[in-house]
Amino acid sequence: MSFRGNVSRLWVKLTGEPSAFPLESRIFHSVSVMTAVVLAYNVPFNFIIKLPVVAIIDFAIFLVSIYLYYISRFKGRTNISTVAYGIFGNLLLISNYFLNSGISGPTNLITSLLVVLIIAISPKKQYKAWLALNIIIALFLSAIEYFYPQLVPNTYIDRESRFIDITSAYMVGIFLSYYIVTHLKGSYEKEKQQAEEKTRAVEQQTELILVQNQQLEYINSEKNKLLSIIAHDLRGPLSNIQSYLELVNEFGLDLEERQIVESDLLKVTQNTLNMLSKLLIWSKSQMEGVVVKLSDVNLLASLKSTLEMERVLALKKEIVLTYTIDPLITVVADNDMLQLVVRNLVSNAIKFTPSGGIVDIHTEMVLNDCKLTVKDNGNGIAWEQQPEIFSLKAKSTFGTGNEKGVGLGLLLCKEFTESQGGRIGFESAPGLGSEFFIYLPVG
């Protein structure tokens, strides 16, 4: 480590860690150390200029400064130390005034410096008291010397000694004043920066809490949705199945009646399985997250078997299902997700289209995307339901053949389409049918 780094570490050890000591305590420690250093210079200096009494006083101040520093830095009694420093410093300056040529010496200069030091290390509520005390002492000493000049002897042996002493005091005062101001300003800026960082951290934490709250609200709404589905949407079909089975078990049905009951039972079972399938897929995507495996997929090859199966289901409702897909179109998609999305869209179209209706699937190129459209001439979507059609707030409705859904199909379509880097939309009018379309990037 560099010399400057070693000095900085030593200074932190002497004055205390910012995390362990408040700013006033660290300033007091700094002032105490600087005072001790200055007095360590002043003691031999005053002996050299033949002021032995002043040198002895400086040595006493040196010892007191070290002691006050010790009980503050290592005993944690900063308040006692600062008050003692102020009182003791003023008493010694009063003595120094009479021992070192009064107003002709450096005492007034040092007295003004002392009040700066004391204010720097004292609590704010003590500032005025120390300032008033300093002014009173300065005026009192000047008045004594003015009215009783014989009490303040001239202790300098020559002009040179006085010049050196006052100049030295001035240099020490300037040095300490500079240090105190820069230290205070630096500490203020540092603590201001730390406060701003803490504020930013609190704001970030607050934002995180808000996001977490939103996530919790979303999870809670999902839970309510699941409970609603389990309690109502699945209970109803299962109750119907139970009723049909009880009917078959308790009454002797002829062949025609049995066929009617079995046909209805098959429809209910198929609807229930379809509902369970969507519910399980959506629940898994919410709990485990959506895992997407993108690759170049030939659109027709991927969807042909799915569309043929849906065509069979459409024929049972006497609905004509047609599809026109360019065999050369390749899209970037997850094959399984793509099939699920298209199957849901086509199933919805069949569900809400009456017998004799038409469901048409076709593709077209739009810039660098492939637009796949599922169009029907069925019931359409009510205007008030359209804004929430892709959300958990979407209400499940019965199809034209009394098919029951769970309201999750289109939400799955939206989540899975966007997970593949695509987008989904629709156009619909009540009584005029619907047109759902997805855009996928071309491979």
# chains A, B, ... in the order shown; residues from 1 in each chain; ligands from 1
call {"tool": "residues_around", "arguments": {"residues": "Tyr41 of chain A", "least_positions_apart": "6", "cutoff": "12 Å", "atoms": "only C-alpha atoms", "output": "tab-separated table (two decimals) with N, CA and C atoms, in the first residue's frame"}}
result
chain	number	residue	atom	x	y	z
A	34	MET	N	-4.35	17.02	16.59
A	34	MET	CA	-3.65	18.16	16.01
A	34	MET	C	-3.13	19.09	17.11
A	35	THR	N	-3.91	19.27	18.17
A	35	THR	CA	-3.45	20.10	19.29
A	35	THR	C	-2.20	19.51	19.92
A	47	PHE	N	10.88	27.21	24.79
A	47	PHE	CA	12.15	27.16	25.52
A	47	PHE	C	13.25	27.86	24.72
A	48	ILE	N	13.22	27.66	23.41
A	48	ILE	CA	14.26	28.26	22.56
A	48	ILE	C	14.17	29.78	22.58
A	55	ALA	N	6.30	27.50	28.04
A	55	ALA	CA	6.59	26.12	27.59
A	55	ALA	C	6.00	25.11	28.56
A	58	ASP	N	2.29	24.99	28.01
A	58	ASP	CA	2.00	24.23	26.80
A	58	ASP	C	2.13	22.73	27.03
A	59	PHE	N	3.10	22.35	27.84
A	59	PHE	CA	3.28	20.93	28.14
A	59	PHE	C	2.08	20.39	28.94
A	62	PHE	N	-0.67	19.94	26.63
A	62	PHE	CA	-0.39	18.73	25.84
A	62	PHE	C	-0.88	17.48	26.58
A	168	SER	N	4.50	32.43	14.41
A	168	SER	CA	4.30	30.99	14.63
A	168	SER	C	2.86	30.69	15.02
A	169	ALA	N	2.30	31.50	15.94
A	169	ALA	CA	0.91	31.31	16.36
A	169	ALA	C	-0.05	31.50	15.19
A	172	VAL	N	0.16	28.42	12.91
A	172	VAL	CA	-0.55	27.30	13.53
A	172	VAL	C	-2.07	27.50	13.42
call {"tool": "residues_around", "arguments": {"residues": "Asp336 of chain A", "least_positions_apart": "5", "cutoff": "10 Å", "atoms": "only C-alpha atoms", "output": "number ranges by chain"}}
result
A: 292-293, 302-303, 341, 416
call {"tool": "select_by_dssp", "arguments": {"residues": "segment 303-360 of chain A", "states": "alpha helix (DSSP H)", "output": "PyMOL selection string"}}
result
chain A and resi 303-316+335-351
call {"tool": "closest_residue", "arguments": {"among": "A:Leu266, A:Leu315, A:Leu151, A:Ile80", "to": "Gly356 of chain A", "atoms": "only C-alpha atoms"}}
result
A:Leu315
call {"tool": "atom_distance", "arguments": {"atom1": "atom CA of Val54 of chain A", "atom2": "atom CA of Asp165 of chain A"}}
result
11.2 Å
